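Enquirer: Mind looking over this structure? Questions follow.
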Amino acid sequence: MSGAHDHGDHSGAIKAYLGVFVALTLLTAIELLPLFEILVLPGAVLLGMSAVKFVVVCYFFMHLKGDKDINKQLFFIPLVMVLITFAVLMTLFGSWNLNYPKGSRMTLAEVEAVADADLGSVCLARTGVKDCCPRVEGKIDRETCALVTALDSKEVQALYRGVFDGACDAWANSTITGNEYCSSPVKGGGIVPHTQAAYAAIEAERGKVDPAFVGFDAKSPEEKQAVLMAKGKDVYAAKCAACHQAEGQGIPTVFPPLANDPVAKDPAGLDEHITTVLNGLNGKAINGVAYAQAMPAFGGQLSNEEIAAVITWERLSWGNNGGVAEPAKVASLR
Amino acid sequence: MSAASAHPPTSMGVPNYKLWMWTFLGSECFFFGSLIGTYMSFRGKTSSGPIPTDVFDPATTTLSTFDLLASSLFMVLAVHYAKMGDLKKMLAWTFATMVGGLIFLGFQVYEFSHFVHEGLGFTTNIFASSFYLLTGFHGTHVAVGVFLLGTLAWSGARGHLSDMGETAEVIGLYWHFVDIVWIAIFTLVYLLEYT
């Protein structure tokens with residue numbers, strides 16, 4: 001093969017490669033139109049264009065065009081086997097509707113006629129999602145279930161996904177029953193009503209929220225303070241005591257004390273205290289002393305609850321009387 | 001293969017390395033066919049989020065797709081000049097192909113970390129597992145391709161290749177295969193979400 005091309009052939013081959021490349025680029029550009037919502041193309045058209053690109057690369061870049069039959073066979077026989085196997089399986093199991101099925105709505109009577117144990121598969125057939133029926137305290141909400149059966153799987157998934165991206169709130173007072181629904185913490189447990197308390201419990205279950213803070217907002221001021229102080233003591237020991245020392249006394253000229261600190265000892269300093277912990281501090285003179293050492297930002301390391309807790313601990317310890325910091329306040333200053 | 005002759009006759013009439021590569025690519029069809037088939041069977045069956053459209057970033061996918069497509073052109077030019085015996089141009093296009101591969105890998109690292117940030121871990125749901133396995137294995141293939149191109153450039157530059165054209169062609173086959181797998185992934189995994 002080496003040196004077999006003469007010069008006319010040479011520039012011709014390069015031109016051919018460039019032509020193939022331009023064609024592939026144009027096809028890809030057309031395929032991208034739906035991605036940017038410029039044009040809607042049916043899935044079949046996209047699959048067709050993809051197949052054309054596939055074959056073009058095989059034939060012109062991999063030189064299968066005019067290649068020995070053995071090479072074509074080695075490649076295309078497995079490829080065709082894969083395609084046939086997939087097609088046969090999908091056909092046998094009637095699963096061809098890859099594009100998110102959408103069932104017609106069931107009547108309440110129809111849903112009532114289905115046993116609890118069978119509702120999961122009824123859901124799957126109707127919507128493409130197993131166990132799409134919401135449960136309220138473990139009991140299936142059949143009225144909502146009937147309405148959910150009219151949705152396609154994208155819509156059903158919109159019900160489920162909220163715990164991850166906050167979409168629950170966007171879905172609040174949905175088109176279905178006016179109830180708010182969110183993903184169940186129990187695998188396969190269906191959807192549970194989404195209230196603030198239920199949401200916190202779900203988050204706690206997933207390890208995102210400290211169990212001590214579940215139902216925090218409903219607690220009395222004294223209970224809140226107790227929760228914050230208990231948590232804050234631990235956070236202080238873990239994150240702050242190395243510099244500010246166990247009794248908040250700091251190290252003279254190196255790390256500022258927190259005991260009797262103008263920001264920490266007085267309720268007026270709360271906002272500054274929170275922003276300092278969130279964002280860090282550098283170069284501020286405290287009680288007339290400048291500290292060379294900068295304080296790191298903890299906003300990325302600690303949750304709102306942890307920051308509120310440690311700040312509360314600092315503001316109510318060592319003779320300080322700066323009052324309680326609530327997680328919501330920290331969240332608002334983030 | 002003896003160094004004295006670039007093309008000892010084979011009973012198939014096809015150079016052994018090339019036959020080896022096509023056989024391997026045939027097995028790769030089964031491999032990626034299984035991964036893609038699994039992904040497609042799970043499509044739309046995820047009962048908890050995030051779902052694909054929650055995390056997909058069209059701009060990233062667009063850039064990495066064009067990047068890989070361009071690298072395919074660079075590859076075919078590298079093979080062309082290798083066959084012409086033009087070492088300089090072969091090296092230049094081989095490096096360009098490698099850069100394309102590395103950029104693609106960079107986009108994948110960015111994409112994966114973005115997905116994880118969105119709460120999509122490897123075992124978060126069946127979409128996540130099948131997606132990460134499929135695209136992860138594809139990314140691994142790109143990385144192997146970059147390595148193979150590096151060995152091609154290294155051996156080529158040092159004059160260690162008994163038949164530069166054939167070596168480049170065989171590595172080129174692998175690279176283009178990785179590209180066509182992406183053509184399939186790009187449509188089946190990404191584009192179909194936007195129909």
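Residue numbering restarts at 1 in every chain; chains get A, B, ... in the order shown in the structure tokens, and ligands count up from 1 in that same order.
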What's the 9 Å shell around Cys58 in chain A, counting only C-alpha atoms, without same-chain residues fewer than 3 positions away, as a list in words?
Expert: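 Listed by chain and then number, they are Lys53, Phe54, Val55, Phe61, Met62, His63, Leu64 and Lys65 of chain A; Leu173, His176, Phe177 and Ile180 of chain B.
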Enquirer: Counting only C-alpha atoms, what is within 8 Å of Glu169 in chain B, bar same-chain residues fewer than 4 positions away, as a short mmCIF file (atom, residue, chain, number, x, y, z; two decimals) with N, CA and C atoms, in the first residue's frame?
Expert:
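The resulting file, result30.cif, is shown below:
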```
data_model
loop_
_atom_site.label_atom_id
_atom_site.label_comp_id
_atom_site.auth_asym_id
_atom_site.auth_seq_id
_atom_site.Cartn_x
_atom_site.Cartn_y
_atom_site.Cartn_z
N LYS B 18 -4.44 -5.91 10.92
CA LYS B 18 -5.71 -5.33 10.50
C LYS B 18 -6.85 -6.31 10.76
N VAL B 79 -3.56 8.98 8.89
CA VAL B 79 -3.41 7.68 8.23
C VAL B 79 -2.97 7.89 6.78
N GLY B 165 2.35 2.98 7.55
CA GLY B 165 1.00 3.09 6.98
C GLY B 165 0.05 2.10 7.61
N LEU B 173 -8.48 2.71 12.59
CA LEU B 173 -9.73 1.94 12.65
C LEU B 173 -10.34 2.01 14.04
#
```
Enquirer: Tell me which of B:Ser129, B:Thr53, B:Thr10, B:Ser64 sits closest to Leu192 in chain B, counting only C-alpha atoms.
Expert: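 Checking each of B:Ser129, B:Thr53, B:Thr10, B:Ser64 against Leu192 in chain B, counting only C-alpha atoms, the winner is B:Thr53.
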Enquirer: Could you give me, as CSV, a per-residue list for range 24-96 of chain B showing, wherever an atom lies at most 12 Å from an atom of range 139-163 of chain B, the closest pair of atoms and their distance in Å to one decimal, using only C-alpha atoms and sorting by chain then residue number from low to high?
Expert:
```
residue,atom,partner,partner_atom,distance
B:Leu25,CA,B:His141,CA,11.7
B:Glu28,CA,B:His141,CA,10.4
B:Phe31,CA,B:His141,CA,11.9
B:Phe32,CA,B:His141,CA,10.9
B:Ser64,CA,B:Gly139,CA,11.5
B:Leu68,CA,B:Val142,CA,9.6
B:Ser71,CA,B:Val146,CA,10.8
B:Ser72,CA,B:Gly145,CA,11.7
B:Phe74,CA,B:Leu149,CA,11.7
B:Met75,CA,B:Leu149,CA,9.3
B:Ala78,CA,B:Leu149,CA,10.1
B:Val79,CA,B:Leu152,CA,10.6
B:Tyr81,CA,B:Gly156,CA,11.9
B:Ala82,CA,B:Asp163,CA,8.9
B:Lys83,CA,B:Asp163,CA,8.6
B:Met84,CA,B:Asp163,CA,11.1
B:Gly85,CA,B:Asp163,CA,9.3
B:Asp86,CA,B:Gly156,CA,10.5
B:Leu87,CA,B:Gly156,CA,7.2
B:Lys88,CA,B:Ala157,CA,8.5
B:Lys89,CA,B:Ala153,CA,10.9
B:Met90,CA,B:Ala153,CA,8.2
B:Leu91,CA,B:Ala153,CA,5.8
B:Ala92,CA,B:Ala153,CA,9.0
B:Trp93,CA,B:Ala153,CA,9.8
B:Thr94,CA,B:Leu149,CA,6.4
B:Phe95,CA,B:Ala153,CA,7.7
B:Ala96,CA,B:Leu149,CA,10.1
```
Enquirer: Would you save the residues from that selection as a compact mmCIF listing (two decimals), in the first residue's frame, using N, CA and C atoms?
Expert:
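File again33.txt, as written:
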```
# COMPACT_ATOMS: atom_id res chain seq x y z
N LEU B 25 -12.92 -5.18 16.81
CA LEU B 25 -14.03 -4.23 16.67
C LEU B 25 -15.37 -4.95 16.57
N GLU B 28 -16.29 -5.60 19.93
CA GLU B 28 -16.70 -4.34 20.55
C GLU B 28 -18.14 -3.99 20.19
N PHE B 31 -20.09 -5.65 22.70
CA PHE B 31 -19.90 -5.01 23.99
C PHE B 31 -20.73 -3.73 24.10
N PHE B 32 -20.53 -2.81 23.15
CA PHE B 32 -21.28 -1.56 23.22
C PHE B 32 -22.75 -1.78 22.88
N SER B 64 -18.42 18.61 22.56
CA SER B 64 -17.64 17.37 22.54
C SER B 64 -17.94 16.57 21.28
N LEU B 68 -15.03 15.52 18.64
CA LEU B 68 -14.70 14.15 18.26
C LEU B 68 -14.80 13.97 16.74
N SER B 71 -11.72 15.33 15.27
CA SER B 71 -10.58 14.43 15.51
C SER B 71 -10.60 13.27 14.51
N SER B 72 -11.82 12.90 14.07
CA SER B 72 -11.92 11.82 13.09
C SER B 72 -11.30 12.24 11.76
N PHE B 74 -8.92 14.51 11.46
CA PHE B 74 -7.47 14.56 11.71
C PHE B 74 -6.88 13.15 11.61
N MET B 75 -7.61 12.18 12.16
CA MET B 75 -7.13 10.79 12.16
C MET B 75 -6.98 10.27 10.74
N ALA B 78 -4.00 11.72 9.21
CA ALA B 78 -2.77 11.12 9.74
C ALA B 78 -2.50 9.78 9.05
N VAL B 79 -3.56 8.98 8.89
CA VAL B 79 -3.41 7.68 8.23
C VAL B 79 -2.97 7.89 6.78
N TYR B 81 -1.29 10.40 5.42
CA TYR B 81 0.12 10.79 5.28
C TYR B 81 1.06 9.68 5.74
N ALA B 82 0.60 8.84 6.68
CA ALA B 82 1.43 7.70 7.08
C ALA B 82 1.62 6.77 5.88
N LYS B 83 0.54 6.57 5.13
CA LYS B 83 0.64 5.70 3.96
C LYS B 83 1.50 6.32 2.87
N MET B 84 1.50 7.67 2.81
CA MET B 84 2.34 8.37 1.84
C MET B 84 3.80 8.36 2.28
N GLY B 85 4.04 7.96 3.54
CA GLY B 85 5.40 7.99 4.06
C GLY B 85 5.85 9.37 4.48
N ASP B 86 4.88 10.30 4.66
CA ASP B 86 5.20 11.67 5.06
C ASP B 86 5.16 11.77 6.59
N LEU B 87 6.33 11.51 7.20
CA LEU B 87 6.38 11.41 8.66
C LEU B 87 5.93 12.69 9.35
N LYS B 88 6.41 13.85 8.86
CA LYS B 88 6.11 15.13 9.50
C LYS B 88 4.61 15.37 9.59
N LYS B 89 3.95 15.21 8.44
CA LYS B 89 2.51 15.48 8.41
C LYS B 89 1.75 14.41 9.21
N MET B 90 2.24 13.18 9.14
CA MET B 90 1.61 12.12 9.93
C MET B 90 1.66 12.50 11.41
N LEU B 91 2.82 12.95 11.87
CA LEU B 91 2.96 13.32 13.28
C LEU B 91 2.04 14.49 13.64
N ALA B 92 2.01 15.50 12.76
CA ALA B 92 1.20 16.69 13.05
C ALA B 92 -0.27 16.30 13.22
N TRP B 93 -0.80 15.50 12.28
CA TRP B 93 -2.23 15.14 12.36
C TRP B 93 -2.49 14.17 13.50
N THR B 94 -1.49 13.32 13.82
CA THR B 94 -1.66 12.42 14.96
C THR B 94 -1.77 13.23 16.25
N PHE B 95 -0.92 14.24 16.39
CA PHE B 95 -1.00 15.10 17.59
C PHE B 95 -2.34 15.82 17.64
N ALA B 96 -2.79 16.32 16.47
CA ALA B 96 -4.08 17.01 16.44
C ALA B 96 -5.19 16.06 16.90
```
Enquirer: Using DSSP secondary structure from the backbone, list all alpha helix (DSSP H) positions within range 8-134 of chain B, as number ranges by chain.
Expert: B: 16-42, 52-55, 58-84, 87-117, 126-134
